[in-house]
There are 2 protein chains.
Amino acid sequence: MLESLRTIDDNVKKWMKEVRVKVIASFNDDLDVKTKSGPNDLVTNIDREVEEFYKDKIKKYYPGSEIIGEESAHEVREPKNEGLLWVIDPIDGTMNFVKQKNHFASMIAIYRKGTAMRGYIYDVMQDKLYWGGPEIGVYCNQDKIEPPSDKKLNKGLFGVGAPLLIDNYHNLQKAALESCGTRIYGCSGIQFIHVLNGQCVAYISYLRPWDYAAGKVLAETLDLVVKTIDGRPIDMLSSSDVLVATKNAQKDITRIVQSTY
Amino acid sequence: MLESLRTIDDNVKKWMKEVRVKVIASFNDDLDVKTKSGPNDLVTNIDREVEEFYKDKIKKYYPGSEIIGEESAHEVREPKNEGLLWVIDPIDGTMNFVKQKNHFASMIAIYRKGTAMRGYIYDVMQDKLYWGGPEIGVYCNQDKIEPPSDKKLNKGLFGVGAPLLIDNYHNLQKAALESCGTRIYGCSGIQFIHVLNGQCVAYISYLRPWDYAAGKVLAETLDLVVKTIDGRPIDMLSSSDVLVATKNAQKDITRIVQSTY
């Protein structure tokens with residue numbers, strides 16, 4: 001299995017590089033932008049094309065796989081056989097992709113029999129791929145990254161989803177003010193990266209499975225905590241608030257959240 | 001004067017490139033970090049060294065100048081003679097510099113007899129210098145950038161300073177929710193850049209003169225509006241809330257703000 005995972009790594013990296021070329025080429029064309037659940041929930045032809053591209057590759061190279069893609073299959077289910085489960089977010093941060101042509105990610109997570117095998121988060125415009133899994137650790141491109149130091153909330157920056165901050169969800173504003181500063185990038189992949197590499201001590205947002213699947217694999221590989229805001233395990237089959245944090249920052253945030261009850 | 005401004009451009013660009021080398025080299029050394037007005041208002045030895053570097057260069061090449069630097073001269077005054085007034089922010093976004101080693105800027109603005117001549121905002125880690133002035137337009141490195149299209153608030157992203165958003169200063173949360181999304185980067189230079197290049201339609205934060213001097217020169221050169229949140233002109237001698245926006249987004253934000261009175 002280790003050998004075949006190495007081949008998977010090589011393949012996924014190759015596919016993601018191809019996606020980068022497609023995406024950058026698309027900047028010269030008119031985008032076809034449609035709304036989904038509301039005016040700020042967008043999908044473009046590029047989201048759909050990239051998802052189809054990944055799905056075609058997976059079906060060709062790993063025919064026993066089950067695939068969950070943001071733009072096509074919203075019902076999450078386990079593969080019936082011994083195959084792999086792939087969770088795909090073709091373009092994470094579509095609003096940034098449309099408005100900024102920057103600050104978006106392409107993400108893939110791989111599970112086998114319910115066990116996390118791999119996560120890949122690709123910061124497309126910076127050409128930085130964060131990838132890895134439990135038995136090999138986490139890499140940024142070729143370089144292995146060490147688990148970030150276990151800082152408390154008041155020693156680091158705190159990434160937050162804008163709606164949760166504005167609504168003061170579970171007293172989050174107090175937690176934000178206890179941190180060194182609040183950061184909102186509008187892309188969960190990019191904000192997971194900031195926690196993986198120690199640029200932030202925590203990130204919380206309301207996320208769907210494809211928004212956090214890859215990030216959860218990588219974060220837990222680096223001994224970071226990935227839980228709901230009140231400390232419960234994440235149910236990989238549903239949308240939820242998702243907090244990724246150092247162990248100490250997670251304790252601080254849970255304390256502040258619970259102080260409101 | 002045009003000829004001498006060209007020489008100034010060449011000099012400032014050279015200095016800023018030297019600053020980039022110094023800053024990146026400093027990542028290998030221990031930083032000396034001190035707090036100023038509060039725990040999240042930092043100054044490092046690098047802020048001070050970079051400011052001294054700029055001041056030494058300015059005094060040597062432009063001896064008649066008055067210099068206002070974030071870390072040294074907090075009293076703003078006009079030059080007594082015909083010389084230039086330089087406003088320097090050596091490292092804008094010091095918290096990001098300390099915690100992220102990324103997402104900070106180095107900024108210089110130049111005035112003569114109260115008239116804006118030049119602004120320079122250098123995204124150090126991306127190696128992108130936004131620079132220019134009224135008679136030459138605005139450039140990103142070598143490339144001239146066009147004024148961004150005059151989008152309404154609900155057609156673009158809105159950069160906000162975290163404290164103003166959390167406090168719902170002047171009803172800002174409603175304006176944030178009317179936009180396509182809120183972005184907080186923790187560096188006014190970087191957030192000014194996003195409005196200059198059209199990645200955001202507006203940015204508002206409580207800023208000191210050296211935080212916005214360069215951005216104001218560049219934004220006004222690109223026909224963007226730079227005012228207080230309630231539409232008053234910016235007093236260059238004091239700290240204030242500062243809104244930079246497209247004309248249409250500024251109208252939208254002012255309408256929302258005034259609807260609370």
# chains A, B, ... in the order shown; residues from 1 in each chain; ligands from 1

call {"tool": "closest_atom_pairs", "arguments": {"of": "chain A", "to": "chain B", "cutoff": "7 Å", "atoms": "only C-alpha atoms", "output": "CSV"}}
result
residue,atom,partner,partner_atom,distance
A:Asn40,CA,B:Cys180,CA,5.8
A:Lys99,CA,B:Gln199,CA,5.8
A:Gln100,CA,B:Gln199,CA,4.5
A:Gly156,CA,B:Lys99,CA,6.8
A:Ala162,CA,B:Thr182,CA,6.2
A:Ile166,CA,B:Gln173,CA,6.5
A:Gln173,CA,B:Ile166,CA,6.5
A:Cys180,CA,B:Asn40,CA,5.8
A:Thr182,CA,B:Ala162,CA,6.2
A:Arg183,CA,B:Ile184,CA,5.0
A:Ile184,CA,B:Ile184,CA,4.6
A:Tyr185,CA,B:Arg183,CA,5.5
A:Gly186,CA,B:Arg183,CA,6.7
A:Gln199,CA,B:Gln100,CA,4.5

call {"tool": "select_by_dssp", "arguments": {"residues": "segment 85-245 of chain B", "states": "strand (DSSP E or B)", "output": "ChimeraX atom specification"}}
result
/B:85-92,105-112,115-123,128-133,137-140,143-145,157-160,181-184,202-207,225-227,233,240-245

call {"tool": "select_by_dssp", "arguments": {"residues": "segment 10-225 of chain B", "states": "helix (DSSP H, G or I)", "output": "MDAnalysis selection string"}}
result
chainID B and resid 10:26 45:61 94:100 153:155 162:167 169:178 188:196 209:221

call {"tool": "closest_residue", "arguments": {"among": "B:Leu84, B:Glu70, B:Ser205, B:Ile145", "to": "Arg112 of chain B", "atoms": "only C-alpha atoms"}}
result
B:Leu84

call {"tool": "atom_distance", "arguments": {"atom1": "atom CA of Ile68 of chain A", "atom2": "atom CA of Gly38 of chain A"}}
result
21.9 Å

call {"tool": "closest_residue", "arguments": {"among": "A:Asn248, A:Thr94, A:Ser149, A:Asn11", "to": "Ile58 of chain A", "atoms": "only C-alpha atoms"}}
result
A:Asn11

call {"tool": "closest_residue", "arguments": {"among": "B:Asp123, B:Leu237, B:Met117, B:Ser4", "to": "Leu218 of chain B", "atoms": "only C-alpha atoms"}}
result
B:Met117

call {"tool": "atom_distance", "arguments": {"atom1": "atom CA of Ile91 of chain B", "atom2": "atom CA of Lys55 of chain B"}}
result
13.9 Å

call {"tool": "atom_distance", "arguments": {"atom1": "atom CA of Asp56 of chain A", "atom2": "atom CA of Thr115 of chain A"}}
result
23.5 Å

call {"tool": "residues_around", "arguments": {"residues": "Asp230 of chain A", "least_positions_apart": "4", "cutoff": "12 Å", "atoms": "only C-alpha atoms", "output": "number ranges by chain"}}
result
A: 169-172, 204, 226, 234, 240-243, 250-261

call {"tool": "closest_residue", "arguments": {"among": "A:Asp92, A:Glu18, A:Glu71, A:Asp30", "to": "Ser106 of chain A", "atoms": "only C-alpha atoms"}}
result
A:Asp92

call {"tool": "residues_around", "arguments": {"residues": "Ser26 of chain A", "least_positions_apart": "4", "cutoff": "12 Å", "atoms": "only C-alpha atoms", "output": "ChimeraX atom specification"}}
result
/A:19-22,30-32,44-47,49-50,97-98,101

call {"tool": "residues_around", "arguments": {"residues": "Val217 of chain B", "least_positions_apart": "5", "cutoff": "8 Å", "atoms": "only C-alpha atoms", "output": "list in words"}}
result
Ala109, Ala116, Met117, Arg118, Gly119, Gly133 and Pro134 of chain B

call {"tool": "closest_residue", "arguments": {"among": "B:Leu222, B:Leu42, B:Leu5, B:Leu207", "to": "Tyr130 of chain B", "atoms": "only C-alpha atoms"}}
result
B:Leu222
